[in-house]
Amino acid sequence: MNNLPVVLKAMWTTMRPYLLFVSAITGIAGMAMTTTITPLLLIVVFVASFFAYGFGQALTDCFQTDTDAISAPYRPLVAGTVSRTPILTMSITGLFLCVLVFTAANSWNLALGALSGFGLATYTPFKRRWWGGPWYNAWIVAVLCFMAYLAASTGTSLRFPPSFFPMLGSVFFGYANFVLSGYFKDINADARTGYNTLPVVFGRRIASFASDGLAISFVVAATWTTLTALGGSSFRSGHLLALVFGVPGLYHVIAGQVLLHRNRDDADAFRPIQHVLQSYVLVLSALTVVLRPEWFAFIAAHYGLFTIVLARRPEAEQI
């Protein structure tokens with residue numbers, strides 16, 4: 001069962017390749033807040049950011065096989081195609097290597113990496129409480145943005161640009177909404193396995209309104225980031241390229257919230273979740289281009305590949 005090809009394939013599926021772009025754009029957005037990064041460092045930190053989500057997802061999956069067995073039986077850990085030990089070992093090793101890359105670029109990241117690892121290891125108990133899951137998961141992703149910024153910065157002193165805190169707010173609220181909307185597809189499974197998420201405890205209607213609050217906060221933080229970034233530099237025609245991502249990003253924000261309010265069953269929840277996911281990637285892409293217009297082609301290629309991989313996910317109803 002645990003021969004190497006089987007394990008590697010199972011690990012790749014468990015990492016959710018279509019979601020690796022979430023951590024990638026988070027890291028890119030962090031790096032965009034500094035002007036000192038070299039092309040080589042950009043690539044290295046991008047790769048570490050890209051795989052960080054997958055290793056983290058694999059780690060948390062090792063402790064959530066009860067609900068996955070009901071809502072996502074195709075996943076290798078619950079399908080029985082691989083045991084937990086190799087997945088756990090590879091996820092911890094992978095996360096360690098990612099933190100090592102960030103730390104090599106900036107020593108402050110050692111402490112932040114350890115903090116993120118602790119957060120991932122303790123996420124499951126917070127998911128079982130209606131008030132805990134989204135914000136607890138979101139701060140871990142916000143720390144990744146922070147780490148990427150530090151990795152791209154020169155020197156060891158902590159100096160934050162004006163766009164730093166609104167950007168972290170964008171990451172926090174945008175990802176928290178993705179987490180909360182993701183709970184809509186697992187309501188029945190979570191209720192049966194003791195995960196008292198907000199939709200389980202209060203129902204879809206109340207959870208939809210809570211999601212609205214996160215979505216509004218996401219848009220406000222993104223707008224604040226944009227105004228702060230443009231206020232600190234002269235306007236260039238390249239800044240208009242951000243609209244290529246920003247306009248569809250706003251559409252997906254609205255579409256996701258509308259469909260969440262219309263959602264009535266787990267099987268159909270992937271439709272609003274997909275919009276929320278798209279809004280996160282698109283809005284952060286827009287913010288990156290506002291800060292670094294010269295990265296437009298890179299961001300466009302990243303988003304294009306994201307849409308292809310997302311469309312090829314193994315189960316259409318799982319995101």
# chains A, B, ... in the order shown; residues from 1 in each chain; ligands from 1
>>> select_by_dssp(residues="segment 108-146 of chain A", states="helix (DSSP H, G or I)", output="NGL selection string")
:A and (109-121 or 123-127 or 133-146)
>>> residues_around(residues="Asp66 of chain A", least_positions_apart="5", cutoff="9 Å", atoms="only C-alpha atoms", output="list of chain:residue names")
A:Val78, A:Ala189, A:Asp190, A:Thr193
>>> write_last_selection(atoms="C-alpha atoms", output="mmCIF file, in the first residue's frame")
data_model
loop_
_atom_site.group_PDB
_atom_site.id
_atom_site.type_symbol
_atom_site.label_atom_id
_atom_site.label_comp_id
_atom_site.auth_asym_id
_atom_site.auth_seq_id
_atom_site.Cartn_x
_atom_site.Cartn_y
_atom_site.Cartn_z
ATOM 1 C CA VAL A 78 -9.709 7.847 3.932
ATOM 2 C CA ALA A 189 -20.354 15.459 7.646
ATOM 3 C CA ASP A 190 -19.230 17.983 10.265
ATOM 4 C CA THR A 193 -18.439 13.971 13.471
#
>>> closest_residue(among="A:Leu250, A:Ala242, A:Ile87, A:Ala138", to="Ser116 of chain A", atoms="only C-alpha atoms")
A:Ala138
>>> closest_residue(among="A:Ser279, A:Gln274, A:Asn137, A:Ser217", to="Leu260 of chain A", atoms="only C-alpha atoms")
A:Gln274
>>> closest_residue(among="A:Ser170, A:Thr124, A:Thr288, A:Gln64", to="Thr223 of chain A", atoms="only C-alpha atoms")
A:Ser170
>>> closest_residue(among="A:Arg264, A:Arg292, A:Arg192, A:Arg16", to="Gly54 of chain A", atoms="only C-alpha atoms")
A:Arg16
>>> closest_atom_pairs(of="segment 283-312 of chain A", to="segment 26-50 of chain A", cutoff="12 Å", atoms="only C-alpha atoms", output="JSON lines")
{"residue": "A:Val283", "atom": "CA", "partner": "A:Ala29", "partner_atom": "CA", "distance": 10.1}
{"residue": "A:Leu284", "atom": "CA", "partner": "A:Ala29", "partner_atom": "CA", "distance": 6.4}
{"residue": "A:Ser285", "atom": "CA", "partner": "A:Ala29", "partner_atom": "CA", "distance": 7.4}
{"residue": "A:Ala286", "atom": "CA", "partner": "A:Ala29", "partner_atom": "CA", "distance": 9.3}
{"residue": "A:Leu287", "atom": "CA", "partner": "A:Ala29", "partner_atom": "CA", "distance": 7.1}
{"residue": "A:Thr288", "atom": "CA", "partner": "A:Ala29", "partner_atom": "CA", "distance": 5.2}
{"residue": "A:Val289", "atom": "CA", "partner": "A:Ala32", "partner_atom": "CA", "distance": 8.2}
{"residue": "A:Val290", "atom": "CA", "partner": "A:Ala32", "partner_atom": "CA", "distance": 9.0}
{"residue": "A:Leu291", "atom": "CA", "partner": "A:Ala32", "partner_atom": "CA", "distance": 6.0}
{"residue": "A:Arg292", "atom": "CA", "partner": "A:Ala32", "partner_atom": "CA", "distance": 6.1}
{"residue": "A:Pro293", "atom": "CA", "partner": "A:Ala32", "partner_atom": "CA", "distance": 9.7}
{"residue": "A:Glu294", "atom": "CA", "partner": "A:Ala32", "partner_atom": "CA", "distance": 10.5}
{"residue": "A:Trp295", "atom": "CA", "partner": "A:Ala32", "partner_atom": "CA", "distance": 8.9}
{"residue": "A:Phe296", "atom": "CA", "partner": "A:Ala32", "partner_atom": "CA", "distance": 11.5}
{"residue": "A:Phe298", "atom": "CA", "partner": "A:Ile28", "partner_atom": "CA", "distance": 10.1}
{"residue": "A:Ile299", "atom": "CA", "partner": "A:Ile28", "partner_atom": "CA", "distance": 8.8}
{"residue": "A:His302", "atom": "CA", "partner": "A:Ile28", "partner_atom": "CA", "distance": 10.3}
{"residue": "A:Phe306", "atom": "CA", "partner": "A:Phe50", "partner_atom": "CA", "distance": 11.4}
>>> write_last_selection(atoms="N, CA and C atoms", output="compact mmCIF listing (two decimals), in the first residue's frame")
# COMPACT_ATOMS: atom_id res chain seq x y z
N VAL A 283 -8.27 39.22 -6.42
CA VAL A 283 -8.08 40.49 -5.71
C VAL A 283 -6.62 40.63 -5.26
N LEU A 284 -6.03 39.57 -4.73
CA LEU A 284 -4.62 39.67 -4.35
C LEU A 284 -3.72 39.85 -5.57
N SER A 285 -4.13 39.27 -6.70
CA SER A 285 -3.39 39.50 -7.94
C SER A 285 -3.44 40.98 -8.32
N ALA A 286 -4.63 41.58 -8.18
CA ALA A 286 -4.79 43.00 -8.49
C ALA A 286 -3.94 43.86 -7.57
N LEU A 287 -3.93 43.54 -6.28
CA LEU A 287 -3.13 44.32 -5.32
C LEU A 287 -1.64 44.20 -5.63
N THR A 288 -1.23 43.01 -6.05
CA THR A 288 0.18 42.82 -6.41
C THR A 288 0.56 43.70 -7.60
N VAL A 289 -0.31 43.77 -8.60
CA VAL A 289 -0.02 44.59 -9.77
C VAL A 289 -0.06 46.07 -9.43
N VAL A 290 -0.92 46.47 -8.50
CA VAL A 290 -0.92 47.87 -8.04
C VAL A 290 0.45 48.22 -7.45
N LEU A 291 1.00 47.30 -6.67
CA LEU A 291 2.29 47.54 -6.04
C LEU A 291 3.46 47.36 -7.01
N ARG A 292 3.33 46.36 -7.89
CA ARG A 292 4.42 46.06 -8.82
C ARG A 292 3.86 45.82 -10.22
N PRO A 293 3.53 46.88 -10.96
CA PRO A 293 2.96 46.73 -12.31
C PRO A 293 3.83 45.89 -13.24
N GLU A 294 5.13 45.92 -13.02
CA GLU A 294 6.05 45.18 -13.89
C GLU A 294 5.91 43.67 -13.74
N TRP A 295 5.18 43.22 -12.72
CA TRP A 295 4.96 41.79 -12.51
C TRP A 295 3.71 41.28 -13.21
N PHE A 296 3.07 42.11 -14.00
CA PHE A 296 1.78 41.75 -14.59
C PHE A 296 1.83 40.43 -15.35
N PHE A 298 3.85 37.92 -15.08
CA PHE A 298 4.04 36.82 -14.12
C PHE A 298 2.73 36.48 -13.43
N ILE A 299 2.00 37.50 -13.00
CA ILE A 299 0.72 37.28 -12.31
C ILE A 299 -0.31 36.70 -13.26
N HIS A 302 0.44 33.07 -13.69
CA HIS A 302 0.05 32.38 -12.46
C HIS A 302 -1.45 32.14 -12.43
N PHE A 306 -3.59 28.61 -12.68
CA PHE A 306 -4.55 28.33 -11.59
C PHE A 306 -5.89 27.89 -12.15
>>> closest_residue(among="A:Ser163, A:Ser23, A:Asn3, A:Asn106", to="Pro86 of chain A", atoms="only C-alpha atoms")
A:Asn3
>>> closest_residue(among="A:Ser211, A:Thr14, A:Asn196, A:Thr89", to="Val179 of chain A", atoms="only C-alpha atoms")
A:Ser211
>>> residues_around(residues="Ile216 of chain A", least_positions_apart="5", cutoff="9 Å", atoms="only C-alpha atoms", output="ChimeraX atom specification")
/A:173,211,221,253
>>> residues_around(residues="Leu277 of chain A", least_positions_apart="6", cutoff="10 Å", atoms="only C-alpha atoms", output="PyMOL selection string")
chain A and resi 19+22+174-175+177-179+181-182+249+252-253+256+319
>>> residues_around(residues="Ala176 of chain A", least_positions_apart="4", cutoff="8 Å", atoms="only C-alpha atoms", output="PyMOL selection string")
chain A and resi 134-135+137-138+172+180+214
>>> atom_distance(atom1="atom CA of Gly304 of chain A", atom2="atom CA of Val247 of chain A")
16.0 Å
>>> residues_around(residues="Leu59 of chain A", least_positions_apart="6", cutoff="8 Å", atoms="only C-alpha atoms", output="list in words")
Ile87, Leu88, Ser91, Ile92, Leu120 and Ala121 of chain A
>>> atom_distance(atom1="atom CA of Phe146 of chain A", atom2="atom CA of Phe21 of chain A")
16.9 Å
>>> atom_distance(atom1="atom CA of Ala52 of chain A", atom2="atom CA of Phe218 of chain A")
22.5 Å
>>> residues_around(residues="Phe165 of chain A", least_positions_apart="6", cutoff="12 Å", atoms="only C-alpha atoms", output="MDAnalysis selection string")
chainID A and resid 30 33 142:143 145:146 149 159 171:172 221:222 224:226 228:229
